[in-house]
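Asks: The structure that follows is given in the form of structure tokens.
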Amino acid sequence: MDIPKFIQRNVSLASLTTFKIGGSAEYFVRALNLEILKQSLIWAKEKNLPFFILGGGSNILVSDKGFSGLVIKNELKKLEKRGDIIIAGSGVLLSEFLEFALVNELSGGEFLVGIPGTLGGAVFTNAGLSNQFISNLVQSVYFLDFQFLEIKRYSNKDCDFSYRHSCFQEKQGLITQIELKMKNSSQDKIKALMAEYRQKRANLPSLPSAGCVFKNINLKEISPSSLEKIKKEFGFPEEFCKKGVLPVSWLLDRMGFKGKTIGKAQVSQKHANFIVNLGGATADDVLILISLIKQKVRTKFGLQLCEEIVYLA
């Protein structure tokens, strides 16, 4: 098989993920620009190879057997300021975006402090907190359609943002560039806000993980009987009713999952919606633990948990 010079063979993926778990990619390329990205996609299609776009490596669990196909590492790193607009490549890390905003005295993204991954991945999943999401900053998104290899611009309204959702999750393609509307501020004020949000995340697990494993549950999606069982067993804070969301970490904590361990994978002692790698955990360890949690929650309360993390096999 003819292989372009920019494509590598048998590259370990574990070190490229925040979980530090997984085997190797049969083929691997760092997409430093749109041309390499497009040529890699054309080659994979010609060879009838499956392909996967890898961003910052958060929110992903790679199979112990690796991936039989082409992994494309998104490294579109453009960063540009136009007035109060930041134009950024989707491969820019959130930490890089926040540093650029700070240097240019542009505020609005401080709540993203401490979240791993890329800007493109954050837009794809509409990352954020309970009341602040990256969709609040997005002015427009540029998206590469994999079928026609054409780039289309989406306005904020076109993106169909909601909790942990964007329209791009239903499309075959890649976010390539984002324009974000910021606010002018001073570096001192921005640093103070970043410190405030950093403190809120100070108690999150420090061991390797993929972030929150399960999506929080909209109260409208919970049957009255299931909700009644939860209230009877654990009570139910009024703030959940106000926000209309049941935090999965709260439920798993009260069900006693903290510290539950399979192999070297453990439900974090600090946050019950995190599974951490104690050192040498396998993807199978994590999958068994996820399956166990889902089964017990389903049996006890009739709830079907949905994963946030993506499994690459």
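All residue names refer to the structure tokens as shown: chains lettered A, B, ... in order, residues numbered from 1 in each chain, ligands numbered from 1 in order.
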As a PyMOL selection string, which residues of segment 40-184 of chain A does DSSP assign to strand (DSSP E)?
Replies: chain A and resi 51-54+60-62+67-74+79-82+85-89+106-107+138-145+150-155+173-181+183-184
Asks: Residues at most 9 Å from Gly263 of chain A, counting only C-alpha atoms, excluding those fewer than 6 positions away in the same chain, as a short mmCIF file (atom, residue, chain, number, x, y, z; two decimals) with N, CA, C and O atoms, in the first residue's frame?
Replies:
data_model
loop_
_atom_site.label_atom_id
_atom_site.label_comp_id
_atom_site.auth_asym_id
_atom_site.auth_seq_id
_atom_site.Cartn_x
_atom_site.Cartn_y
_atom_site.Cartn_z
N LEU A 278 -5.67 4.29 37.81
CA LEU A 278 -4.77 4.20 38.95
C LEU A 278 -3.33 3.90 38.54
O LEU A 278 -2.42 3.97 39.35
N GLY A 280 -1.89 1.77 34.82
CA GLY A 280 -1.96 0.48 34.15
C GLY A 280 -3.37 -0.01 33.89
O GLY A 280 -3.57 -1.19 33.56
N ALA A 281 -4.36 0.86 34.02
CA ALA A 281 -5.74 0.45 33.73
C ALA A 281 -5.89 0.14 32.24
O ALA A 281 -5.24 0.74 31.39
N THR A 282 -6.74 -0.83 31.93
CA THR A 282 -7.03 -1.17 30.54
C THR A 282 -8.39 -0.60 30.16
O THR A 282 -9.21 -0.26 31.02
N ASP A 284 -10.70 -2.35 28.91
CA ASP A 284 -11.67 -3.34 29.39
C ASP A 284 -12.04 -3.09 30.85
O ASP A 284 -13.20 -3.25 31.25
N ASP A 285 -11.06 -2.71 31.68
CA ASP A 285 -11.34 -2.37 33.08
C ASP A 285 -12.40 -1.27 33.15
O ASP A 285 -13.37 -1.35 33.91
N VAL A 286 -12.20 -0.23 32.34
CA VAL A 286 -13.11 0.92 32.35
C VAL A 286 -14.48 0.53 31.84
O VAL A 286 -15.51 0.89 32.43
#
Asks: Atom CA of Gly69 of chain A and atom CA of Ile178 of chain A, how far apart in Å?
Replies: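 Computed distance, atom CA of Ile178 of chain A to atom CA of Gly69 of chain A, equals 27.8 Å.
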Asks: Any idea what the distance is between atom CA of Leu144 of chain A and atom CA of Gly57 of chain A?
Replies: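 Between atom CA of Leu144 of chain A and atom CA of Gly57 of chain A the gap works out to 20.1 Å.
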Asks: For the helix (DSSP H, G or I) assignment from backbone DSSP, which residues of segment 75-279 of chain A qualify? Please present them as an MDAnalysis selection string.
Replies: chainID A and resid 94:103 110:112 119:125 134:136 157:159 167:170 187:200 219:221 224:234 238:243 248:254
Asks: Excluding segment 111-114 of chain A and any residue of its chain fewer than 5 positions from it, enumerate the residues within 9 Å of it, using only C-alpha atoms, and give them as a list in words.
Replies: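 Here the answer would be Leu94, Ser95, Leu98, Ala127, Gly128, Leu129, Gln132, Phe133, Ile134, Leu193, Met194, Ala195, Glu196, Tyr197, Arg198, Arg201 and Ala202 of chain A.
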Asks: Could you save those same residues with N, CA, C and O atoms as an mmCIF file, in the first residue's frame?
Replies:
data_model
loop_
_atom_site.group_PDB
_atom_site.id
_atom_site.type_symbol
_atom_site.label_atom_id
_atom_site.label_comp_id
_atom_site.auth_asym_id
_atom_site.auth_seq_id
_atom_site.Cartn_x
_atom_site.Cartn_y
_atom_site.Cartn_z
ATOM 1 N N LEU A 94 -7.860 24.473 24.724
ATOM 2 C CA LEU A 94 -8.586 25.483 25.488
ATOM 3 C C LEU A 94 -7.629 26.330 26.319
ATOM 4 O O LEU A 94 -7.830 27.537 26.469
ATOM 5 N N SER A 95 -6.582 25.707 26.842
ATOM 6 C CA SER A 95 -5.592 26.454 27.622
ATOM 7 C C SER A 95 -4.876 27.489 26.748
ATOM 8 O O SER A 95 -4.578 28.603 27.201
ATOM 9 N N LEU A 98 -7.336 30.398 26.097
ATOM 10 C CA LEU A 98 -7.485 31.268 27.256
ATOM 11 C C LEU A 98 -6.256 32.153 27.462
ATOM 12 O O LEU A 98 -6.381 33.314 27.857
ATOM 13 N N ALA A 127 -19.264 22.432 25.497
ATOM 14 C CA ALA A 127 -18.690 22.305 26.834
ATOM 15 C C ALA A 127 -18.994 23.522 27.698
ATOM 16 O O ALA A 127 -19.215 24.627 27.197
ATOM 17 N N GLY A 128 -18.998 23.296 29.007
ATOM 18 C CA GLY A 128 -19.199 24.396 29.928
ATOM 19 C C GLY A 128 -19.666 23.937 31.283
ATOM 20 O O GLY A 128 -19.484 22.780 31.664
ATOM 21 N N LEU A 129 -20.269 24.856 32.012
ATOM 22 C CA LEU A 129 -20.788 24.584 33.346
ATOM 23 C C LEU A 129 -22.310 24.506 33.275
ATOM 24 O O LEU A 129 -22.897 24.499 32.196
ATOM 25 N N GLN A 132 -23.184 28.161 32.022
ATOM 26 C CA GLN A 132 -22.298 28.847 31.090
ATOM 27 C C GLN A 132 -21.727 27.830 30.110
ATOM 28 O O GLN A 132 -21.106 26.850 30.524
ATOM 29 N N PHE A 133 -21.947 28.092 28.847
ATOM 30 C CA PHE A 133 -21.497 27.165 27.821
ATOM 31 C C PHE A 133 -20.731 27.915 26.736
ATOM 32 O O PHE A 133 -20.950 29.121 26.522
ATOM 33 N N ILE A 134 -19.869 27.201 26.030
ATOM 34 C CA ILE A 134 -19.078 27.850 24.994
ATOM 35 C C ILE A 134 -19.962 28.389 23.871
ATOM 36 O O ILE A 134 -19.596 29.334 23.169
ATOM 37 N N LEU A 193 -11.024 36.257 37.503
ATOM 38 C CA LEU A 193 -12.100 35.340 37.122
ATOM 39 C C LEU A 193 -11.570 33.932 36.895
ATOM 40 O O LEU A 193 -12.178 32.947 37.312
ATOM 41 N N MET A 194 -10.405 33.839 36.248
ATOM 42 C CA MET A 194 -9.808 32.526 35.999
ATOM 43 C C MET A 194 -9.453 31.839 37.312
ATOM 44 O O MET A 194 -9.658 30.626 37.464
ATOM 45 N N ALA A 195 -8.956 32.604 38.254
ATOM 46 C CA ALA A 195 -8.608 32.038 39.570
ATOM 47 C C ALA A 195 -9.852 31.532 40.287
ATOM 48 O O ALA A 195 -9.828 30.490 40.948
ATOM 49 N N GLU A 196 -10.950 32.265 40.119
ATOM 50 C CA GLU A 196 -12.218 31.870 40.745
ATOM 51 C C GLU A 196 -12.714 30.542 40.195
ATOM 52 O O GLU A 196 -13.116 29.653 40.961
ATOM 53 N N TYR A 197 -12.674 30.392 38.879
ATOM 54 C CA TYR A 197 -13.139 29.144 38.258
ATOM 55 C C TYR A 197 -12.157 28.001 38.510
ATOM 56 O O TYR A 197 -12.559 26.849 38.651
ATOM 57 N N ARG A 198 -10.863 28.344 38.573
ATOM 58 C CA ARG A 198 -9.859 27.316 38.869
ATOM 59 C C ARG A 198 -10.073 26.745 40.262
ATOM 60 O O ARG A 198 -9.927 25.541 40.477
ATOM 61 N N ARG A 201 -12.712 24.105 40.469
ATOM 62 C CA ARG A 201 -12.315 22.804 39.937
ATOM 63 C C ARG A 201 -11.166 22.182 40.718
ATOM 64 O O ARG A 201 -10.632 21.147 40.330
ATOM 65 N N ALA A 202 -10.801 22.820 41.822
ATOM 66 C CA ALA A 202 -9.634 22.353 42.588
ATOM 67 C C ALA A 202 -9.829 20.955 43.142
ATOM 68 O O ALA A 202 -8.864 20.225 43.363
#
Asks: Taking only C-alpha atoms into account, name the residue in A:Val138, A:Ala88, A:Val267, A:Leu289 that is nearest to Pro205 of chain A.
Replies: A:Val267
Asks: Show which residues sit within 10 Å of Phe168 of chain A, as a ChimeraX atom specification. Count only C-alpha atoms, and ignore same-chain residues fewer than 3 positions away.
Replies: /A:123-125,143,159-161,165,171-175
Asks: Using only C-alpha atoms, determine which residues lie at most 12 Å from Lys294 of chain A, disregarding the query and same-chain residues fewer than 6 positions distant; provide the list as a list in words.
Replies: Val213, Phe214, Val248, Leu251, Leu252, Met255, Phe257, Asn273, Leu287, Ile288, Lys300, Phe301, Gly302, Leu303, Gln304, Leu305, Cys306 and Glu307 of chain A
Asks: Measuring atom to atom with only C-alpha atoms, identify which of A:Leu246, A:Ala192, A:Cys241, A:Ala265 is nearest to Asn216 of chain A.
Replies: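 Among the listed residues, the smallest separation from Asn216 of chain A belongs to A:Leu246.
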Asks: Just the residues within 10 Å of Asn218 of chain A, please, counting only C-alpha atoms, with nothing from its chain fewer than 2 positions along; format it as a list of chain:residue names.
Replies: A:Tyr163, A:Lys215, A:Asn216, A:Lys220, A:Glu221, A:Ile222, A:Phe240, A:Cys241, A:Lys243, A:Gly244, A:Val245, A:Leu246, A:Pro247
Asks: Could you pull the residues within 10 Å of Pro116 of chain A, counting only C-alpha atoms, minus those fewer than 6 positions along the same chain, as an MDAnalysis selection string?
Replies: chainID A and resid 18 56:59 93:95 122 210:211
Asks: Given the choices A:Leu180, A:Leu16, A:Leu207, A:Ile21, which gets closest to Phe97 of chain A if the distance is worked out from only C-alpha atoms?
Replies: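 Among the listed residues, the smallest separation from Phe97 of chain A belongs to A:Leu180.
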Asks: I need the residue nearest Thr176 of chain A from this list: A:Lys157, A:Lys77, A:Arg82, A:Lys45. Use only C-alpha atoms for the distance.
Replies: A:Lys77
Asks: With distances taken over only C-alpha atoms, which residue among A:Asn74, A:Asn184, A:Ser226, A:Ser206 lies nearest Leu34 of chain A?
Replies: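 Smallest distance to Leu34 of chain A is found for A:Asn74.
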Asks: Could you work out how far atom CA of Ser268 of chain A lies from atom CA of Glu233 of chain A, giving the answer in Å with one decimal?
Replies: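 Computed distance, atom CA of Glu233 of chain A to atom CA of Ser268 of chain A, equals 22.5 Å.
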